[in-house]
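K.L.:
What follows is a structure written as C-alpha cells; I'll ask about it next.
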Number of protein chains: 2
Amino acid sequence: MNEIAPFPEVQHQRAVLPEGLTLDCGAVIRPLAVAYRTYGRLNPARSNAILVCHALTGDQYVAERQPVTGKDGWWDAIIGPGKPVDTDRFFVICANVLGGCMGSTGPREEMTDENGVPQGRPWGTDFPTVTIRDMVRAQKKLIEHLGIARLLAVIGGSMGGMQVLEWAATYPESVFAAAPIACATHHSAQNIAFHEVGRAAIHSDPDWKGGRYWEDGRIPAQGLSVARMVAHITYLSEAALTRKFGRRLQGASALTFLEDVFQVESYLRHQGSTFVRRFDANSYLTITRAMDYFDLANEHGTVANAFRGTPTRFFVASFSSDWLFPTSESRALVRALNAAAARVSFVEITTDKGHDAFLLDEPEFHRALGGFLAGAAAALGV
Amino acid sequence: MNEIAPFPEVQHQRAVLPEGLTLDCGAVIRPLAVAYRTYGRLNPARSNAILVCHALTGDQYVAERQPVTGKDGWWDAIIGPGKPVDTDRFFVICANVLGGCMGSTGPREEMTDENGVPQGRPWGTDFPTVTIRDMVRAQKKLIEHLGIARLLAVIGGSMGGMQVLEWAATYPESVFAAAPIACATHHSAQNIAFHEVGRAAIHSDPDWKGGRYWEDGRIPAQGLSVARMVAHITYLSEAALTRKFGRRLQGASALTFLEDVFQVESYLRHQGSTFVRRFDANSYLTITRAMDYFDLANEHGTVANAFRGTPTRFFVASFSSDWLFPTSESRALVRALNAAAARVSFVEITTDKGHDAFLLDEPEFHRALGGFLAGAAAALGV
C-alpha cells in the first residue's frame, strides 16, 4: 500500500480572497482559497441561499460526481431538483473546509508567507492549527464574495453540524435557519480518544516522515488507513455491523492466521485502503484536531450564552443508534437553545444505522428536514 | 519507541507436559508448557480448587506482584485471605493461556516440531491458530497434572469468561460452579472490527517484519501501542473517560498541533507505550484471533445445546456501562442457560466504569461473587 501515489491533481472551482484570514491561533492565511460548488440559482432578492457544511472527510461535491472517486455526491439523496433541499427552489452552496484537501487552503496546498508570497512547497505540518470557527469564518468570506448577506439556512451533519452551530453563534444575523444534525456542542473525551488513535497511527507510519511525506512523493498510507478503519467503526452501530456482516467468514477456510478472515475485516480494510487515495494525511490531522477543540460552552461560558437572543430558528436531528454523537448530546443542545429562548424543533430518528444514518436513506429525516426548510422559506417569503 | 527491547526474560513456574496437545486446527503442540500460579492449599479431598481464567492481556499472576511490571495482581481485589475468593479456604489456580507470552507455549517460546524437537527459534507467526477451547484443553491438562478431577469453580471475566463457558460446555462433570463475567457467547462484529484495527496497526509496523521481529531483537512497538490504545478505549465507558479526563488540556497551551493536547490523549499514549514492555505482538495477534473465533452457538448448534443437562451451577454478571460485552449479551446467555434447564443466577452491576469494572473496586459484584462461591462450597460440603 505504500506504493500509492498522492491522489490526482484536480482543478477545483475556487474563490481566492487576497485579504486572507486571521485564525484563532493568531496566524494569518493570505491569500485565502475557498473551493466550492453551487447548485440551483440565486434569486434576485438573494434570499434563497442554503449553505451545506461537510463532515470530517467530506468535500464540496455534495450533489454531483466526486472528481477523484467518481462516486455520487455525499448528500445526493437530499439535494437536487424536487428533493428535500430542492435546487429548483434554493441556491445551494457547499465549500471545502479550511484545512481540507479538495482545493481550499490547507496542508497540501502551496505554503504562503504572511504577505501572500508562495514558498515553493506545501504547507504540510507548518499549516497552522485551525478551529471550527476558523472554518466558518472562511465560509463567511466566501458568502460575502458571492454577494449574499443572509443565508436562508445553514445545514450539516457531524462536523458539518458543529459548523452550523458556530455559524449561528458567530453570525446570527446572517443565518435565518440552522439545522445541526447528528452533532454536539463539544467533542467528547471518547471522541477525542478515537481521534488520537488515528493520529497515533499516522504519526507512527515511517512514511509520514514528520509530516514531510510530500518531499519524496510518498504518503503514510498504512497509518492513514488504520486511522480510517477505527473511525469507520464509530460511524456504524453494532446493530448495523451485525446486520451487514455478522460473523460471516470471508473465505472458505476458518482457523487460519490470515488477515480478513471475517467479512467485517475485509470491509474495514477496504474502507481504509480506498480512503488513502482521496484524502491527505496532514489534512486528517488538522481537521480531527479542529473537531477536538470544538467546545461552544468553553467559548461562550455556557452553550445557552452562545445563542441568547438569537433570531435564528433551529432544527436539531439525532439518530437513535448514533453512539459517536448520541441523542443525549442533541437533547442537551435543545435544552440550551430552550434556555436561550431560541425557536427550536427536535427530532430523534429511530434507526439502527448509527452515525452514518445522516448520510443514508432515512425518509423520516429527509421529510423533517425538507419541512423545516420549506417552513423557513415560507417565513422569509422565498 | 522502536528502541524498546523485548521484555525481560522471567523464569515462570510451569508444567511441561510431554504428551502435548492436539489443537482444533489439527496442529500438535508437543510438549505443552502451561505456566501457572497457585494460592492457598488444596484440601485432602481435592475439592476446594478454583480455576481463574485471565483476559486478553492478563496473566497467571492474578493475586501477587507481576514480575515484569512490578504491579499488583490483576484480581488482588477479590483473591486472597478473607477476600471474596478466600485463599484461606480455597485453592486458587491461574494459568497463562495457550498462545500467551508469560511462560505457556506461545509465539515467543521456542518452536518444536511434532515430535517435540526444539527448532532453535521462536514460534513467531508459525505458532498455530488456537481457539478458546484449545486454551481450555490446555488448562484441563494442567488440572489433571495437579491431580484434580473436579473444580469447585471456574471463574473469569472478558476472555476469561469465554473460557469459563467453554470449560462448562466441554467438561461439565469437572466444573461444579461456573462464573462467566462481563462476557458473551460469541465475539460480535463490532468487537472483531476493533480487534482488526489493532491487528492492522501491528501488521503495518515495519518492525513487525511479517512476524519475524525476533530475528533482529526489535519489536513492533508503534503498532502494538496503537492496538492497545484502541482496545483500551473499548474497556472504558464514555462516562468513565469523561469523569477521568473530560476535555481537560494536558499542558498550558491550547491551539497547538502537538500530540497529547488533551489529558485523555496522554493517558492513552501512556497505556500504549507501557503495554509494549510487557506483551508480545504475535501473542496479541494469536489471542485476539482466538477471541474472534469464539462462538458457542456455532460449535453446538445453539447456545442452549452447549449446556443441555449440565450439572454445573452458573453465576452470570454484567456491568451496566460495559459496551464491549453489554448486559444484553449476558441476558441472552442467561436465557440460553434457562432453556437448557441449567441452574443460573444473574446480576447486572450498575456502574459507569465500563468493561474494566470487572477488574475494579465494585463491592456489590465482589459480594455477589463471594456469595455464589460460598454457596457452591457449602453445597459441595467444602
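Residues are referred to by chain and number: the chain letter is A, B, ... according to the order shown in the C-alpha cells, the number counts from 1 in that chain, and ligands are numbered separately from 1 in the order shown.
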Mind checking which residues fall within 6 Å of segment 52-58 of chain A, counting only C-alpha atoms, ignoring those fewer than 3 positions away in the same chain, and posting them as a PDB file with N, CA and C atoms, in the first residue's frame?
P.N.:
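Produced file selection_35.pdb, reproduced below:
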ATOM      1  N   CYS A  94     -21.792  24.667  -1.277  1.00  0.00           N
ATOM      2  CA  CYS A  94     -21.007  23.815  -0.377  1.00  0.00           C
ATOM      3  C   CYS A  94     -19.536  24.102  -0.620  1.00  0.00           C
ATOM      4  N   VAL A 154     -28.298  27.268   7.072  1.00  0.00           N
ATOM      5  CA  VAL A 154     -27.021  26.556   7.115  1.00  0.00           C
ATOM      6  C   VAL A 154     -27.327  25.173   7.663  1.00  0.00           C
ATOM      7  N   ILE A 155     -26.911  24.153   6.932  1.00  0.00           N
ATOM      8  CA  ILE A 155     -27.235  22.789   7.354  1.00  0.00           C
ATOM      9  C   ILE A 155     -25.983  21.914   7.257  1.00  0.00           C
ATOM     10  N   GLY A 156     -25.945  20.891   8.094  1.00  0.00           N
ATOM     11  CA  GLY A 156     -24.825  19.968   8.031  1.00  0.00           C
ATOM     12  C   GLY A 156     -24.890  18.939   9.143  1.00  0.00           C
ATOM     13  N   SER A 158     -22.699  15.935  11.648  1.00  0.00           N
ATOM     14  CA  SER A 158     -21.415  15.584  12.261  1.00  0.00           C
ATOM     15  C   SER A 158     -20.551  16.840  12.383  1.00  0.00           C
ATOM     16  N   MET A 159     -19.332  16.861  11.863  1.00  0.00           N
ATOM     17  CA  MET A 159     -18.547  18.098  11.928  1.00  0.00           C
ATOM     18  C   MET A 159     -19.256  19.221  11.184  1.00  0.00           C
ATOM     19  N   GLY A 160     -20.061  18.871  10.176  1.00  0.00           N
ATOM     20  CA  GLY A 160     -20.878  19.887   9.492  1.00  0.00           C
ATOM     21  C   GLY A 160     -21.854  20.543  10.450  1.00  0.00           C
TER      22      GLY A 160
END
K.L.:
Kindly provide, as a CSV table (one decimal) with all heavy atoms, in the first residue's frame, the residues of chain A having any atom no farther than 8 Å from an atom of chain B, counting only C-alpha atoms.
P.N.:
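See result27.csv below for the written result:
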chain,number,residue,atom,x,y,z
A,25,CYS,N,-5.7,31.0,16.3
A,25,CYS,CA,-4.3,30.8,16.9
A,25,CYS,C,-3.4,32.0,16.6
A,25,CYS,O,-2.3,32.1,17.1
A,25,CYS,CB,-3.7,29.6,16.3
A,25,CYS,SG,-3.3,29.7,14.6
A,128,PRO,N,-1.1,26.1,10.0
A,128,PRO,CA,-1.5,26.4,11.4
A,128,PRO,C,-2.7,25.6,11.9
A,128,PRO,O,-3.5,25.1,11.1
A,128,PRO,CB,-1.8,27.9,11.4
A,128,PRO,CG,-2.0,28.2,9.9
A,128,PRO,CD,-1.3,27.3,9.1
A,129,THR,N,-2.8,25.6,13.2
A,129,THR,CA,-3.9,24.9,13.8
A,129,THR,C,-5.2,25.7,13.5
A,129,THR,O,-5.2,27.0,13.7
A,129,THR,CB,-3.8,24.9,15.3
A,129,THR,OG1,-2.6,24.2,15.6
A,129,THR,CG2,-4.9,24.2,16.0
A,130,VAL,N,-6.2,25.1,13.0
A,130,VAL,CA,-7.5,25.8,12.7
A,130,VAL,C,-8.5,25.3,13.7
A,130,VAL,O,-8.4,24.2,14.2
A,130,VAL,CB,-7.9,25.6,11.3
A,130,VAL,CG1,-6.8,26.1,10.3
A,130,VAL,CG2,-8.3,24.2,11.0
A,188,SER,N,-16.5,14.9,22.7
A,188,SER,CA,-16.4,14.2,24.0
A,188,SER,C,-15.0,13.6,24.2
A,188,SER,O,-14.2,13.4,23.2
A,188,SER,CB,-17.5,13.1,24.0
A,188,SER,OG,-17.1,12.0,23.2
A,189,ALA,N,-14.7,13.2,25.4
A,189,ALA,CA,-13.4,12.6,25.7
A,189,ALA,C,-13.3,11.3,24.9
A,189,ALA,O,-12.2,11.0,24.4
A,189,ALA,CB,-13.4,12.3,27.2
A,190,GLN,N,-14.4,10.5,24.7
A,190,GLN,CA,-14.3,9.3,24.0
A,190,GLN,C,-14.0,9.6,22.5
A,190,GLN,O,-13.2,8.9,21.9
A,190,GLN,CB,-15.5,8.5,24.1
A,190,GLN,CG,-15.4,7.1,23.5
A,190,GLN,CD,-16.7,6.3,23.7
A,190,GLN,OE1,-17.7,6.6,23.1
A,190,GLN,NE2,-16.7,5.3,24.5
A,192,ILE,N,-12.5,12.3,21.3
A,192,ILE,CA,-11.1,12.7,21.2
A,192,ILE,C,-10.1,11.5,21.3
A,192,ILE,O,-9.2,11.4,20.5
A,192,ILE,CB,-10.7,13.7,22.4
A,192,ILE,CG1,-11.5,15.0,22.3
A,192,ILE,CG2,-9.2,14.0,22.5
A,192,ILE,CD1,-11.4,15.9,23.5
A,193,ALA,N,-10.5,10.6,22.1
A,193,ALA,CA,-9.6,9.4,22.3
A,193,ALA,C,-9.6,8.6,20.9
A,193,ALA,O,-8.5,8.2,20.5
A,193,ALA,CB,-10.2,8.5,23.4
A,194,PHE,N,-10.7,8.4,20.3
A,194,PHE,CA,-10.7,7.7,19.0
A,194,PHE,C,-9.9,8.5,18.0
A,194,PHE,O,-9.1,7.9,17.2
A,194,PHE,CB,-12.1,7.5,18.5
A,194,PHE,CG,-12.8,6.2,19.1
A,194,PHE,CD1,-13.9,6.4,19.8
A,194,PHE,CD2,-12.2,5.0,18.9
A,194,PHE,CE1,-14.6,5.3,20.4
A,194,PHE,CE2,-12.8,3.9,19.5
A,194,PHE,CZ,-14.0,4.0,20.2
A,196,GLU,N,-7.4,10.4,18.6
A,196,GLU,CA,-6.0,10.3,18.9
A,196,GLU,C,-5.4,8.9,18.5
A,196,GLU,O,-4.2,8.9,18.1
A,196,GLU,CB,-5.8,10.4,20.5
A,196,GLU,CG,-4.4,10.4,20.9
A,196,GLU,CD,-3.5,11.6,20.4
A,196,GLU,OE1,-4.1,12.5,19.7
A,196,GLU,OE2,-2.3,11.5,20.6
A,197,VAL,N,-6.2,7.9,18.5
A,197,VAL,CA,-5.7,6.6,18.0
A,197,VAL,C,-5.4,6.8,16.5
A,197,VAL,O,-4.3,6.3,16.0
A,197,VAL,CB,-6.8,5.5,18.2
A,197,VAL,CG1,-6.4,4.2,17.4
A,197,VAL,CG2,-6.9,5.2,19.6
A,200,ALA,N,-2.2,8.7,16.2
A,200,ALA,CA,-1.1,7.9,16.6
A,200,ALA,C,-0.7,7.0,15.4
A,200,ALA,O,0.5,6.7,15.2
A,200,ALA,CB,-1.3,7.2,17.9
A,201,ALA,N,-1.7,6.4,14.8
A,201,ALA,CA,-1.4,5.5,13.6
A,201,ALA,C,-0.7,6.2,12.5
A,201,ALA,O,0.3,5.7,11.9
A,201,ALA,CB,-2.7,4.9,13.1
A,204,SER,N,2.9,7.1,13.5
A,204,SER,CA,3.8,6.0,13.7
A,204,SER,C,4.2,5.4,12.3
A,204,SER,O,5.0,4.5,12.2
A,204,SER,CB,3.2,5.0,14.6
A,204,SER,OG,2.1,4.3,14.0
A,205,ASP,N,3.6,5.9,11.2
A,205,ASP,CA,3.9,5.4,9.9
A,205,ASP,C,5.2,6.0,9.5
A,205,ASP,O,5.3,7.2,9.4
A,205,ASP,CB,2.8,5.7,8.9
A,205,ASP,CG,3.0,5.0,7.6
A,205,ASP,OD1,4.2,4.9,7.1
A,205,ASP,OD2,2.0,4.7,6.9
A,206,PRO,N,6.3,5.2,9.2
A,206,PRO,CA,7.5,5.8,8.8
A,206,PRO,C,7.4,6.7,7.6
A,206,PRO,O,8.2,7.6,7.4
A,206,PRO,CB,8.5,4.6,8.6
A,206,PRO,CG,7.6,3.4,8.6
A,206,PRO,CD,6.3,3.7,9.3
A,222,GLN,N,-0.4,3.4,5.3
A,222,GLN,CA,-0.8,2.4,6.3
A,222,GLN,C,-1.4,3.1,7.5
A,222,GLN,O,-2.4,2.6,8.0
A,222,GLN,CB,0.5,1.6,6.7
A,222,GLN,CG,1.2,0.9,5.6
A,222,GLN,CD,0.7,-0.5,5.3
A,222,GLN,OE1,-0.4,-0.8,5.8
A,222,GLN,NE2,1.4,-1.2,4.5
A,223,GLY,N,-0.7,4.1,7.9
A,223,GLY,CA,-1.2,4.8,9.1
A,223,GLY,C,-2.6,5.5,8.9
A,223,GLY,O,-3.5,5.4,9.7
A,226,VAL,N,-5.3,2.8,8.8
A,226,VAL,CA,-5.7,2.4,10.2
A,226,VAL,C,-6.6,3.4,10.8
A,226,VAL,O,-7.6,3.1,11.5
A,226,VAL,CB,-4.4,2.1,11.0
A,226,VAL,CG1,-4.9,1.8,12.5
A,226,VAL,CG2,-3.7,0.8,10.5
A,229,MET,N,-9.9,3.1,9.5
A,229,MET,CA,-10.6,1.9,9.9
A,229,MET,C,-11.3,2.1,11.3
A,229,MET,O,-12.4,1.8,11.5
A,229,MET,CB,-9.6,0.7,10.0
A,229,MET,CG,-9.2,0.2,8.7
A,229,MET,SD,-7.8,-1.0,8.8
A,229,MET,CE,-8.7,-2.4,9.6
A,230,VAL,N,-10.5,2.7,12.2
A,230,VAL,CA,-11.0,2.9,13.6
A,230,VAL,C,-12.2,3.9,13.5
A,230,VAL,O,-13.2,3.7,14.2
A,230,VAL,CB,-10.0,3.2,14.6
A,230,VAL,CG1,-9.3,4.5,14.3
A,230,VAL,CG2,-10.5,3.2,16.0
A,233,ILE,N,-15.5,2.4,12.3
A,233,ILE,CA,-16.3,1.6,13.3
A,233,ILE,C,-17.2,2.5,14.0
A,233,ILE,O,-18.3,2.2,14.3
A,233,ILE,CB,-15.3,0.9,14.2
A,233,ILE,CG1,-14.5,-0.1,13.5
A,233,ILE,CG2,-16.2,0.1,15.3
A,233,ILE,CD1,-13.4,-0.8,14.3
A,238,GLU,N,-23.3,-1.1,16.3
A,238,GLU,CA,-23.1,-2.5,16.5
A,238,GLU,C,-24.2,-3.3,15.7
A,238,GLU,O,-23.9,-4.3,15.0
A,238,GLU,CB,-23.2,-2.9,18.0
A,238,GLU,CG,-23.5,-4.3,18.3
A,238,GLU,CD,-22.4,-5.3,17.9
A,238,GLU,OE1,-21.3,-4.8,17.8
A,238,GLU,OE2,-22.7,-6.5,17.7
A,241,LEU,N,-23.4,-3.2,11.9
A,241,LEU,CA,-22.3,-4.1,11.6
A,241,LEU,C,-22.8,-5.5,11.6
A,241,LEU,O,-22.4,-6.3,10.8
A,241,LEU,CB,-21.1,-3.9,12.6
A,241,LEU,CG,-20.1,-2.8,12.4
A,241,LEU,CD1,-19.2,-2.7,13.5
A,241,LEU,CD2,-19.4,-3.1,11.1
A,242,THR,N,-23.6,-5.9,12.6
A,242,THR,CA,-24.0,-7.2,12.7
A,242,THR,C,-25.0,-7.6,11.6
A,242,THR,O,-24.9,-8.7,11.0
A,242,THR,CB,-24.8,-7.4,14.1
A,242,THR,OG1,-23.9,-7.2,15.1
A,242,THR,CG2,-25.3,-8.8,14.2
A,245,PHE,N,-22.7,-7.8,8.4
A,245,PHE,CA,-21.6,-8.8,8.3
A,245,PHE,C,-21.8,-9.9,9.3
A,245,PHE,O,-21.4,-11.0,9.0
A,245,PHE,CB,-20.2,-8.1,8.6
A,245,PHE,CG,-20.0,-6.9,7.7
A,245,PHE,CD1,-20.0,-5.7,8.2
A,245,PHE,CD2,-19.8,-7.1,6.4
A,245,PHE,CE1,-19.8,-4.6,7.4
A,245,PHE,CE2,-19.6,-6.0,5.5
A,245,PHE,CZ,-19.6,-4.7,6.1
A,246,GLY,N,-22.4,-9.6,10.5
A,246,GLY,CA,-22.4,-10.7,11.5
A,246,GLY,C,-21.1,-11.3,11.7
A,246,GLY,O,-20.1,-10.6,11.8
A,247,ARG,N,-21.0,-12.6,11.8
A,247,ARG,CA,-19.7,-13.3,12.0
A,247,ARG,C,-19.4,-14.1,10.7
A,247,ARG,O,-18.7,-15.1,10.8
A,247,ARG,CB,-19.8,-14.2,13.2
A,247,ARG,CG,-20.0,-13.4,14.5
A,247,ARG,CD,-20.1,-14.4,15.7
A,247,ARG,NE,-19.1,-15.5,15.6
A,247,ARG,CZ,-17.9,-15.4,15.9
A,247,ARG,NH1,-17.4,-14.3,16.5
A,247,ARG,NH2,-17.1,-16.4,15.8
A,255,LEU,N,-10.2,-20.9,11.0
A,255,LEU,CA,-9.0,-21.3,11.8
A,255,LEU,C,-7.7,-21.1,11.1
A,255,LEU,O,-6.8,-22.0,11.0
A,255,LEU,CB,-9.1,-22.8,12.3
A,255,LEU,CG,-10.3,-23.1,13.2
A,255,LEU,CD1,-10.2,-24.5,13.7
A,255,LEU,CD2,-10.3,-22.1,14.3
A,256,THR,N,-7.6,-20.0,10.4
A,256,THR,CA,-6.3,-19.6,9.8
A,256,THR,C,-5.8,-18.3,10.4
A,256,THR,O,-6.6,-17.6,11.0
A,256,THR,CB,-6.4,-19.4,8.3
A,256,THR,OG1,-7.0,-18.1,8.1
A,256,THR,CG2,-7.2,-20.5,7.6
A,257,PHE,N,-4.6,-18.0,10.2
A,257,PHE,CA,-4.0,-16.8,10.7
A,257,PHE,C,-4.1,-15.7,9.7
A,257,PHE,O,-3.6,-14.6,9.9
A,257,PHE,CB,-2.5,-17.1,11.0
A,257,PHE,CG,-2.1,-16.8,12.4
A,257,PHE,CD1,-1.2,-17.6,13.1
A,257,PHE,CD2,-2.6,-15.7,13.1
A,257,PHE,CE1,-0.8,-17.4,14.4
A,257,PHE,CE2,-2.2,-15.4,14.4
A,257,PHE,CZ,-1.3,-16.3,15.0
A,264,VAL,N,-16.3,-8.6,8.0
A,264,VAL,CA,-16.2,-7.2,8.5
A,264,VAL,C,-14.8,-6.7,8.4
A,264,VAL,O,-14.6,-5.5,8.3
A,264,VAL,CB,-16.8,-7.2,10.0
A,264,VAL,CG1,-15.9,-8.0,10.9
A,264,VAL,CG2,-16.9,-5.8,10.5
A,265,GLU,N,-13.8,-7.6,8.5
A,265,GLU,CA,-12.4,-7.2,8.5
A,265,GLU,C,-12.1,-6.8,7.0
A,265,GLU,O,-11.4,-5.8,6.8
A,265,GLU,CB,-11.5,-8.4,8.9
A,265,GLU,CG,-11.8,-8.8,10.3
A,265,GLU,CD,-11.0,-10.1,10.6
A,265,GLU,OE1,-10.5,-10.7,9.7
A,265,GLU,OE2,-11.1,-10.5,11.8
A,268,LEU,N,-13.6,-3.4,6.4
A,268,LEU,CA,-12.8,-2.3,7.1
A,268,LEU,C,-11.5,-2.0,6.3
A,268,LEU,O,-11.2,-0.9,6.1
A,268,LEU,CB,-12.5,-2.7,8.5
A,268,LEU,CG,-13.5,-2.4,9.6
A,268,LEU,CD1,-12.8,-2.6,10.9
A,268,LEU,CD2,-14.0,-0.9,9.5
A,286,THR,N,-5.1,17.8,10.8
A,286,THR,CA,-5.6,19.2,11.0
A,286,THR,C,-7.1,19.2,11.4
A,286,THR,O,-7.5,19.9,12.4
A,286,THR,CB,-5.4,20.0,9.7
A,286,THR,OG1,-4.0,20.1,9.4
A,286,THR,CG2,-6.0,21.5,9.9
A,289,ARG,N,-8.1,17.6,14.8
A,289,ARG,CA,-7.8,18.4,15.9
A,289,ARG,C,-8.8,19.6,16.0
A,289,ARG,O,-9.1,20.0,17.1
A,289,ARG,CB,-6.3,19.0,15.6
A,289,ARG,CG,-5.8,19.7,16.8
A,289,ARG,CD,-5.9,18.9,18.1
A,289,ARG,NE,-4.7,18.2,18.5
A,289,ARG,CZ,-4.6,17.3,19.4
A,289,ARG,NH1,-5.8,16.9,20.0
A,289,ARG,NH2,-3.5,16.6,19.7
A,293,TYR,N,-11.0,20.4,19.4
A,293,TYR,CA,-11.0,21.7,20.1
A,293,TYR,C,-12.4,22.3,20.2
A,293,TYR,O,-12.7,23.2,21.1
A,293,TYR,CB,-10.2,22.7,19.3
A,293,TYR,CG,-8.7,22.6,19.7
A,293,TYR,CD1,-7.7,22.5,18.6
A,293,TYR,CD2,-8.2,22.7,21.0
A,293,TYR,CE1,-6.4,22.4,18.9
A,293,TYR,CE2,-6.9,22.6,21.3
A,293,TYR,CZ,-5.9,22.5,20.2
A,293,TYR,OH,-4.6,22.4,20.5
K.L.:
Write out as number ranges by chain all residues of segment 61-113 of chain B that DSSP puts in strand (DSSP E) for this structure's backbone.
P.N.:
B: 79-80, 85-86, 91-95, 110-112
K.L.:
Write the residues of the selection above to a file with N, CA and C atoms, as a PDB file, in the first residue's frame.
P.N.:
ATOM      1  N   ILE B  79      -9.118 -11.771  45.345  1.00  0.00           N
ATOM      2  CA  ILE B  79      -8.498 -13.056  45.658  1.00  0.00           C
ATOM      3  C   ILE B  79      -7.447 -12.869  46.748  1.00  0.00           C
ATOM      4  N   GLY B  80      -7.603 -13.595  47.829  1.00  0.00           N
ATOM      5  CA  GLY B  80      -6.629 -13.512  48.923  1.00  0.00           C
ATOM      6  C   GLY B  80      -7.277 -13.943  50.229  1.00  0.00           C
ATOM      7  N   VAL B  85     -12.818 -14.402  47.032  1.00  0.00           N
ATOM      8  CA  VAL B  85     -12.240 -15.702  46.691  1.00  0.00           C
ATOM      9  C   VAL B  85     -11.170 -15.962  47.749  1.00  0.00           C
ATOM     10  N   ASP B  86     -11.588 -16.627  48.811  1.00  0.00           N
ATOM     11  CA  ASP B  86     -10.821 -16.681  50.055  1.00  0.00           C
ATOM     12  C   ASP B  86      -9.753 -17.774  49.981  1.00  0.00           C
ATOM     13  N   PHE B  91      -8.310 -23.296  47.119  1.00  0.00           N
ATOM     14  CA  PHE B  91      -7.034 -23.454  46.420  1.00  0.00           C
ATOM     15  C   PHE B  91      -7.209 -22.833  45.030  1.00  0.00           C
ATOM     16  N   VAL B  92      -6.584 -21.702  44.824  1.00  0.00           N
ATOM     17  CA  VAL B  92      -6.812 -20.943  43.592  1.00  0.00           C
ATOM     18  C   VAL B  92      -5.678 -21.195  42.602  1.00  0.00           C
ATOM     19  N   ILE B  93      -6.052 -21.496  41.382  1.00  0.00           N
ATOM     20  CA  ILE B  93      -5.083 -21.768  40.309  1.00  0.00           C
ATOM     21  C   ILE B  93      -5.330 -20.767  39.188  1.00  0.00           C
ATOM     22  N   CYS B  94      -4.270 -20.205  38.646  1.00  0.00           N
ATOM     23  CA  CYS B  94      -4.418 -19.374  37.460  1.00  0.00           C
ATOM     24  C   CYS B  94      -3.285 -19.707  36.502  1.00  0.00           C
ATOM     25  N   ALA B  95      -3.635 -19.960  35.243  1.00  0.00           N
ATOM     26  CA  ALA B  95      -2.641 -20.379  34.255  1.00  0.00           C
ATOM     27  C   ALA B  95      -2.566 -19.363  33.121  1.00  0.00           C
ATOM     28  N   GLU B 110      10.157 -21.241  22.362  1.00  0.00           N
ATOM     29  CA  GLU B 110      10.909 -21.940  21.317  1.00  0.00           C
ATOM     30  C   GLU B 110      10.012 -22.925  20.578  1.00  0.00           C
ATOM     31  N   MET B 111      10.082 -22.865  19.260  1.00  0.00           N
ATOM     32  CA  MET B 111       9.287 -23.745  18.399  1.00  0.00           C
ATOM     33  C   MET B 111       9.768 -25.187  18.529  1.00  0.00           C
ATOM     34  N   THR B 112       8.798 -26.111  18.485  1.00  0.00           N
ATOM     35  CA  THR B 112       9.138 -27.537  18.451  1.00  0.00           C
ATOM     36  C   THR B 112       8.452 -28.174  17.256  1.00  0.00           C
TER      37      THR B 112
END
K.L.:
Of the candidates B:Glu299, B:Asn48, B:Ala33, B:Pro84, which one gets nearest to Ile132 of chain B if we count only C-alpha atoms?
P.N.:
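Closest to Ile132 of chain B, using only C-alpha atoms: B:Glu299.
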K.L.:
Within 12 Å of Glu364 of chain B, counting only C-alpha atoms, which residues qualify if same-chain residues fewer than 5 places away don't, as a PyMOL selection string?
P.N.:
chain B and resi 78+84+317-319+347-351+357-358+369-371
K.L.:
Those selected residues, please, written with N, CA and C atoms and delivered as a CSV table (one decimal), in the first residue's frame.
P.N.:
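As written to disk, selection_35.csv reads:
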chain,number,residue,atom,x,y,z
B,78,ILE,N,-10.0,-9.3,44.8
B,78,ILE,CA,-11.0,-10.3,45.2
B,78,ILE,C,-10.4,-11.6,45.6
B,84,PRO,N,-13.3,-12.2,48.8
B,84,PRO,CA,-14.4,-13.0,48.2
B,84,PRO,C,-14.0,-14.3,47.7
B,317,ALA,N,-22.5,-12.4,35.5
B,317,ALA,CA,-22.5,-11.0,35.9
B,317,ALA,C,-22.2,-10.1,34.8
B,318,SER,N,-22.9,-9.0,34.7
B,318,SER,CA,-22.5,-7.9,33.7
B,318,SER,C,-22.5,-6.6,34.3
B,319,PHE,N,-22.0,-5.6,33.6
B,319,PHE,CA,-21.8,-4.3,34.2
B,319,PHE,C,-22.6,-3.3,33.2
B,347,VAL,N,-26.6,-11.2,37.8
B,347,VAL,CA,-26.7,-9.9,38.4
B,347,VAL,C,-26.1,-8.9,37.4
B,348,GLU,N,-26.8,-7.8,37.2
B,348,GLU,CA,-26.2,-6.7,36.4
B,348,GLU,C,-25.8,-5.6,37.5
B,349,ILE,N,-24.5,-5.3,37.5
B,349,ILE,CA,-24.0,-4.3,38.4
B,349,ILE,C,-24.1,-2.9,37.8
B,350,THR,N,-24.7,-2.0,38.5
B,350,THR,CA,-24.8,-0.6,38.0
B,350,THR,C,-23.5,0.1,38.3
B,351,THR,N,-22.9,0.6,37.2
B,351,THR,CA,-21.6,1.2,37.3
B,351,THR,C,-21.3,2.1,36.1
B,357,ALA,N,-14.8,-2.6,34.7
B,357,ALA,CA,-15.4,-2.6,36.0
B,357,ALA,C,-15.1,-4.0,36.7
B,358,PHE,N,-15.0,-5.1,35.9
B,358,PHE,CA,-14.8,-6.4,36.4
B,358,PHE,C,-13.5,-6.5,37.2
B,369,LEU,N,-20.3,-12.4,43.9
B,369,LEU,CA,-19.4,-13.5,43.5
B,369,LEU,C,-19.0,-14.3,44.7
B,370,GLY,N,-18.6,-13.6,45.8
B,370,GLY,CA,-18.3,-14.3,47.0
B,370,GLY,C,-19.4,-15.2,47.6
B,371,GLY,N,-20.6,-14.6,47.5
B,371,GLY,CA,-21.8,-15.4,48.0
B,371,GLY,C,-22.0,-16.6,47.1
K.L.:
Which is closer to Met102 of chain A than all the others in A:Val34, A:Leu360, A:Ala378, A:Val16, using only C-alpha atoms?
P.N.:
A:Val34
K.L.:
Measuring atom to atom with only C-alpha atoms, identify which of B:Ala297, B:Ala182, B:Leu165, B:Ala35 is nearest to His12 of chain B.
P.N.:
B:Ala35
K.L.:
DSSP on the backbone, then: every residue of segment 45-279 of chain A marked helix (DSSP H, G or I), written as JSON, numbers by chain.
P.N.:
{"A": [124, 125, 126, 132, 133, 134, 135, 136, 137, 138, 139, 140, 141, 142, 143, 144, 145, 159, 160, 161, 162, 163, 164, 165, 166, 167, 168, 169, 170, 172, 173, 174, 189, 190, 191, 192, 193, 194, 195, 196, 197, 198, 199, 200, 201, 202, 203, 206, 207, 208, 209, 210, 211, 213, 214, 215, 216, 221, 222, 223, 224, 225, 226, 227, 228, 229, 230, 231, 232, 233, 234, 235, 238, 239, 240, 241, 242, 243, 244, 263, 264, 265, 266, 267, 268, 269, 270, 271, 272, 273, 274, 275]}
